[in-house]
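Novice: Have a look at this one before I ask anything.
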Amino acid sequence: MSASQLNINILDNLKTAIVVVRPDLSVNYINTAAEALLEISGRRVIGEAIDSLFTELDPSDNGLLHAMRSYNTFTKREAKLQLNNRSLITVDCVVTPTYKQDQVSALIVELQPLDLVLRINREEALLAAQENAHTLVKGMAHEIKNPLGGLRGAAQLLAKQLPNNELQDYTNIIIDEADRLSNLVDRMLGSNALPNLQAINIHEILEHVKQLIDAETNQQITLLRDYDPSTPDITGDKEQLIQAVLNVARNAMQALQRQAITPAEPQPDPELQADQKPQPQIIFKTRVLRQFTIGSHRHRLVCHVEISDNGPGIEEPLLSRIFLPMVSGQANGTGLGLSLAQNIINQHKGLIECHSRAGETLFSLYIPITQSRNSNNNNKDYA
């Protein structure tokens with residue numbers, strides 16, 4: 001084996017994506033990792049311009065292609081690239097020029113994918129925030145419920161000593177408000193009952209939630225389904241999972257309802273205004289992910305449930321705190337629905353993520369699939 005063949009063999013076995021570019025910025029070589037990262041065929045891109053492989057979303061003065069044209073050594077962290085198939089990747093990029101007789105002979109472009117690392121860091125931060133919030137709530141619950149119990153008991157004793165029943169209206173208010181606060185704390189903590197684990201078809205849960213949403217909205221919101229019928233059964237508590245999915249779907253439903261009653265900006269053409277007003281809809285989608293990481297744990301199979309709506313979206317300041325208790329985008333909301341849903345999915349070793357922009361909000365539920373070898377996949381098809 002010659003030295004050049006050995007070098008190519010070494011480069012092809014690297015995990016780092018390597019693209020070697022000629023001085024005219026045409027592709028001279030691309031290794032296997034770069035083919036996988038950029039989702040292209042190496043044979044087809046040899047001789048093509050480097051900017052035909054991807055587009056940098058932030059082409060500032062110190063952008064990747066600008067640095068390559070100036071033949072400078074360049075490092076850029078968390079560069080966002082758009083590939084030819086419109087997908088987005090985040091990479092650390094290093095450009096190193098090589099010289100031969102004081103002339104630039106090639107540019108070595110190293111691309112280190114960061115999407116998995118960033119997602120793991122984001123998920124671990126979300127899980128840590130959820131755990132810290134739950135610990136805080138548990139401490140607050142202890143400090144709140146003890147005096148509430150004494151307050152309620154004192155009000156009951158006082159009611160027995162009052163000379164007439166009319167004055168008992170005041171003690172009844174004290175008792176009712178103490179009960180209301182106690183119930184609120186219990187809702188923040190979630191259920192103390194041990195989960196009733198069983199094999200569950202995720203589509204049965206989604207169909208049940210769909211029927212509830214249809215009943216609540218009188219079918220004024222279109223609910224679409226995009227199910228993968230090959231999804232294996234998951235192991236979980238059916239009632240708890242229904243509650244978690246319902247809380248997420250109800251959040252989408254309420255966002256669409258608020259959008260429907262929000263006055264739209266006047267349009268000169270009534271027909272144009274009708275065309276621009278989208279039909280409110282929620283989409284339930286299921287897929288199976290293989291070798292998927294949740295937090296720091298890698299799972300062989302994961303059930304991925306997407307619940308998306310075409311509502312107004314969630315503003316960024318609220319989006320980062322949406323799963324924390326008592327955080328709500330509604331004037332009359334308690335801020336407990338999504339927090340409780342996240343807590344339930346966390347108990348099933350899973351996670352809920354949310355991505356939102358104007359016109360689309362997407363909740364992703366990841367639930368690990370733990371299936372015995374002898375279990376049967378009795379999935380149903382839903383029209």
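Going by the structure tokens order, chains are called A, B, ..., each with residues numbered from 1, while ligands are numbered from 1 in the order shown.
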Output as a PyMOL selection string all residues of stretch 75-183 of chain A that backbone DSSP marks as alpha helix (DSSP H).

Specialist: chain A and resi 115-161+168-183

Novice: Could you write out that same residue set with C-alpha atoms as a PDB file, in the first residue's frame?

Specialist:
ATOM      1  CA  ASP A 115     -26.334  18.526  16.864  1.00  0.00           C
ATOM      2  CA  LEU A 116     -26.256  15.429  19.074  1.00  0.00           C
ATOM      3  CA  VAL A 117     -24.036  17.114  21.686  1.00  0.00           C
ATOM      4  CA  LEU A 118     -26.205  20.247  21.769  1.00  0.00           C
ATOM      5  CA  ARG A 119     -29.379  18.199  22.024  1.00  0.00           C
ATOM      6  CA  ILE A 120     -27.967  16.088  24.866  1.00  0.00           C
ATOM      7  CA  ASN A 121     -26.861  19.236  26.720  1.00  0.00           C
ATOM      8  CA  ARG A 122     -30.274  20.830  26.184  1.00  0.00           C
ATOM      9  CA  GLU A 123     -32.097  17.709  27.360  1.00  0.00           C
ATOM     10  CA  GLU A 124     -29.891  17.324  30.441  1.00  0.00           C
ATOM     11  CA  ALA A 125     -30.492  20.991  31.321  1.00  0.00           C
ATOM     12  CA  LEU A 126     -34.245  20.491  30.863  1.00  0.00           C
ATOM     13  CA  LEU A 127     -34.257  17.354  33.031  1.00  0.00           C
ATOM     14  CA  ALA A 128     -32.178  19.104  35.703  1.00  0.00           C
ATOM     15  CA  ALA A 129     -34.516  22.107  35.713  1.00  0.00           C
ATOM     16  CA  GLN A 130     -37.524  19.802  35.989  1.00  0.00           C
ATOM     17  CA  GLU A 131     -35.942  17.891  38.885  1.00  0.00           C
ATOM     18  CA  ASN A 132     -34.995  21.117  40.683  1.00  0.00           C
ATOM     19  CA  ALA A 133     -38.489  22.515  40.221  1.00  0.00           C
ATOM     20  CA  HIS A 134     -40.054  19.308  41.543  1.00  0.00           C
ATOM     21  CA  THR A 135     -37.749  19.342  44.578  1.00  0.00           C
ATOM     22  CA  LEU A 136     -38.659  22.964  45.242  1.00  0.00           C
ATOM     23  CA  VAL A 137     -42.375  22.216  44.945  1.00  0.00           C
ATOM     24  CA  LYS A 138     -42.068  19.287  47.373  1.00  0.00           C
ATOM     25  CA  GLY A 139     -40.398  21.553  49.921  1.00  0.00           C
ATOM     26  CA  MET A 140     -43.010  24.261  49.461  1.00  0.00           C
ATOM     27  CA  ALA A 141     -45.819  21.713  49.711  1.00  0.00           C
ATOM     28  CA  HIS A 142     -44.604  20.607  53.133  1.00  0.00           C
ATOM     29  CA  GLU A 143     -44.398  24.199  54.376  1.00  0.00           C
ATOM     30  CA  ILE A 144     -47.814  25.128  52.953  1.00  0.00           C
ATOM     31  CA  LYS A 145     -49.943  22.087  53.771  1.00  0.00           C
ATOM     32  CA  ASN A 146     -49.046  21.919  57.456  1.00  0.00           C
ATOM     33  CA  PRO A 147     -50.363  25.424  58.330  1.00  0.00           C
ATOM     34  CA  LEU A 148     -53.308  24.901  55.966  1.00  0.00           C
ATOM     35  CA  GLY A 149     -54.346  21.852  57.964  1.00  0.00           C
ATOM     36  CA  GLY A 150     -54.171  23.833  61.198  1.00  0.00           C
ATOM     37  CA  LEU A 151     -56.070  26.721  59.621  1.00  0.00           C
ATOM     38  CA  ARG A 152     -58.818  24.441  58.375  1.00  0.00           C
ATOM     39  CA  GLY A 153     -59.125  22.676  61.729  1.00  0.00           C
ATOM     40  CA  ALA A 154     -59.310  25.988  63.604  1.00  0.00           C
ATOM     41  CA  ALA A 155     -62.041  27.220  61.245  1.00  0.00           C
ATOM     42  CA  GLN A 156     -64.078  24.061  61.863  1.00  0.00           C
ATOM     43  CA  LEU A 157     -63.762  24.455  65.638  1.00  0.00           C
ATOM     44  CA  LEU A 158     -64.685  28.129  65.379  1.00  0.00           C
ATOM     45  CA  ALA A 159     -67.768  27.287  63.298  1.00  0.00           C
ATOM     46  CA  LYS A 160     -69.078  25.072  66.127  1.00  0.00           C
ATOM     47  CA  GLN A 161     -68.772  27.944  68.647  1.00  0.00           C
ATOM     48  CA  GLN A 168     -70.581  30.256  59.469  1.00  0.00           C
ATOM     49  CA  ASP A 169     -70.440  31.602  55.911  1.00  0.00           C
ATOM     50  CA  TYR A 170     -67.131  33.215  56.834  1.00  0.00           C
ATOM     51  CA  THR A 171     -65.656  30.059  58.310  1.00  0.00           C
ATOM     52  CA  ASN A 172     -66.889  28.102  55.268  1.00  0.00           C
ATOM     53  CA  ILE A 173     -64.923  30.489  53.065  1.00  0.00           C
ATOM     54  CA  ILE A 174     -61.788  29.789  55.123  1.00  0.00           C
ATOM     55  CA  ILE A 175     -62.340  26.034  54.861  1.00  0.00           C
ATOM     56  CA  ASP A 176     -63.070  26.116  51.115  1.00  0.00           C
ATOM     57  CA  GLU A 177     -60.016  28.263  50.356  1.00  0.00           C
ATOM     58  CA  ALA A 178     -57.785  26.019  52.475  1.00  0.00           C
ATOM     59  CA  ASP A 179     -59.068  23.000  50.541  1.00  0.00           C
ATOM     60  CA  ARG A 180     -58.523  24.795  47.230  1.00  0.00           C
ATOM     61  CA  LEU A 181     -54.906  25.601  48.092  1.00  0.00           C
ATOM     62  CA  SER A 182     -54.313  22.068  49.325  1.00  0.00           C
ATOM     63  CA  ASN A 183     -55.682  20.630  46.057  1.00  0.00           C
TER      64      ASN A 183
END

Novice: Taking 6 positions as the minimum chain separation for residues in the same chain, which residues sit within 9 Å of A:Ala252 when counting only C-alpha atoms? Answer as a list in words.

Specialist: Ile282, Ile307, Ser308, Asp309, Asn310, Gly311 and Thr361 of chain A

Novice: Which polymer residues have any atom within 6 Å of an atom of stretch 240-246 of chain A, counting only C-alpha atoms, with same-chain residues fewer than 6 positions away left out, as number ranges by chain?

Specialist: A: 205, 209, 341

Novice: Determine, counting only C-alpha atoms, which protein, DNA and RNA residues have an atom within 9 Å of an atom of A:Ile367; residues of the same chain fewer than 2 positions away are not included. Present the result as a list in words.

Specialist: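 Neighbouring residues, sequence-local ones excluded: Ile234, Leu301, Val302, Cys303, His304, Val305, Ile345, Asn346, His348, Lys349, Gly350, Leu351, Ile352, Leu365 and Ile369 of chain A.
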
Novice: Considering only C-alpha atoms, state which residue in the set A:Leu57, A:Leu162, A:Ala33, A:Gly313 is at the smallest distance from A:Leu111.

Specialist: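 The answer is A:Ala33, which sits nearest to A:Leu111.
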
Novice: For atom CA of A:Phe284 and atom CA of A:Lys238, determine how far apart the two atoms are, in Å to one decimal place.

Specialist: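 Between atom CA of A:Phe284 and atom CA of A:Lys238 the gap is 17.6 Å.
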
Novice: Write out as a PyMOL selection string the residues lying within 12 Å of A:Ile46, counting only C-alpha atoms and excluding same-chain residues fewer than 6 positions away.

Specialist: chain A and resi 19-22+25-31+35+40+52-53

Novice: What would the file look like if the residues just selected were written as a tab-separated table (two decimals), in the first residue's frame with N, CA, C and O atoms?

Specialist:
chain	number	residue	atom	x	y	z
A	19	VAL	N	-13.07	17.50	4.38
A	19	VAL	CA	-13.20	17.86	2.97
A	19	VAL	C	-11.92	18.59	2.58
A	19	VAL	O	-11.53	19.57	3.22
A	20	VAL	N	-11.24	18.09	1.53
A	20	VAL	CA	-10.03	18.74	1.02
A	20	VAL	C	-10.43	19.54	-0.22
A	20	VAL	O	-11.04	19.00	-1.15
A	21	VAL	N	-10.07	20.83	-0.19
A	21	VAL	CA	-10.50	21.76	-1.24
A	21	VAL	C	-9.27	22.30	-1.96
A	21	VAL	O	-8.25	22.64	-1.34
A	22	ARG	N	-9.36	22.39	-3.28
A	22	ARG	CA	-8.28	22.97	-4.07
A	22	ARG	C	-8.25	24.49	-3.89
A	22	ARG	O	-9.22	25.08	-3.39
A	25	LEU	N	-11.25	26.43	-4.70
A	25	LEU	CA	-12.41	26.08	-3.86
A	25	LEU	C	-13.28	25.00	-4.48
A	25	LEU	O	-14.48	24.91	-4.19
A	26	SER	N	-12.70	24.17	-5.32
A	26	SER	CA	-13.41	22.97	-5.79
A	26	SER	C	-13.00	21.79	-4.93
A	26	SER	O	-11.90	21.74	-4.38
A	27	VAL	N	-13.90	20.82	-4.80
A	27	VAL	CA	-13.68	19.68	-3.91
A	27	VAL	C	-12.68	18.72	-4.54
A	27	VAL	O	-12.85	18.27	-5.70
A	28	ASN	N	-11.64	18.41	-3.79
A	28	ASN	CA	-10.63	17.46	-4.24
A	28	ASN	C	-10.80	16.09	-3.60
A	28	ASN	O	-10.49	15.06	-4.22
A	29	TYR	N	-11.31	16.08	-2.37
A	29	TYR	CA	-11.47	14.81	-1.63
A	29	TYR	C	-12.50	15.02	-0.53
A	29	TYR	O	-12.60	16.10	0.06
A	30	ILE	N	-13.27	13.99	-0.24
A	30	ILE	CA	-14.23	14.02	0.85
A	30	ILE	C	-14.25	12.64	1.49
A	30	ILE	O	-14.34	11.62	0.78
A	31	ASN	N	-14.12	12.57	2.81
A	31	ASN	CA	-14.06	11.25	3.45
A	31	ASN	C	-15.46	10.73	3.76
A	31	ASN	O	-16.47	11.42	3.57
A	35	GLU	N	-19.29	12.50	3.87
A	35	GLU	CA	-20.41	12.07	3.02
A	35	GLU	C	-21.66	11.87	3.85
A	35	GLU	O	-22.76	12.28	3.47
A	40	ILE	N	-24.30	13.44	1.00
A	40	ILE	CA	-23.98	13.51	-0.41
A	40	ILE	C	-23.11	12.33	-0.80
A	40	ILE	O	-22.57	11.63	0.05
A	52	SER	N	-21.41	24.54	-3.26
A	52	SER	CA	-22.54	23.76	-3.75
A	52	SER	C	-22.94	22.65	-2.77
A	52	SER	O	-23.98	22.02	-2.93
A	53	LEU	N	-22.10	22.41	-1.77
A	53	LEU	CA	-22.39	21.35	-0.80
A	53	LEU	C	-23.28	21.84	0.33
A	53	LEU	O	-24.08	21.10	0.87
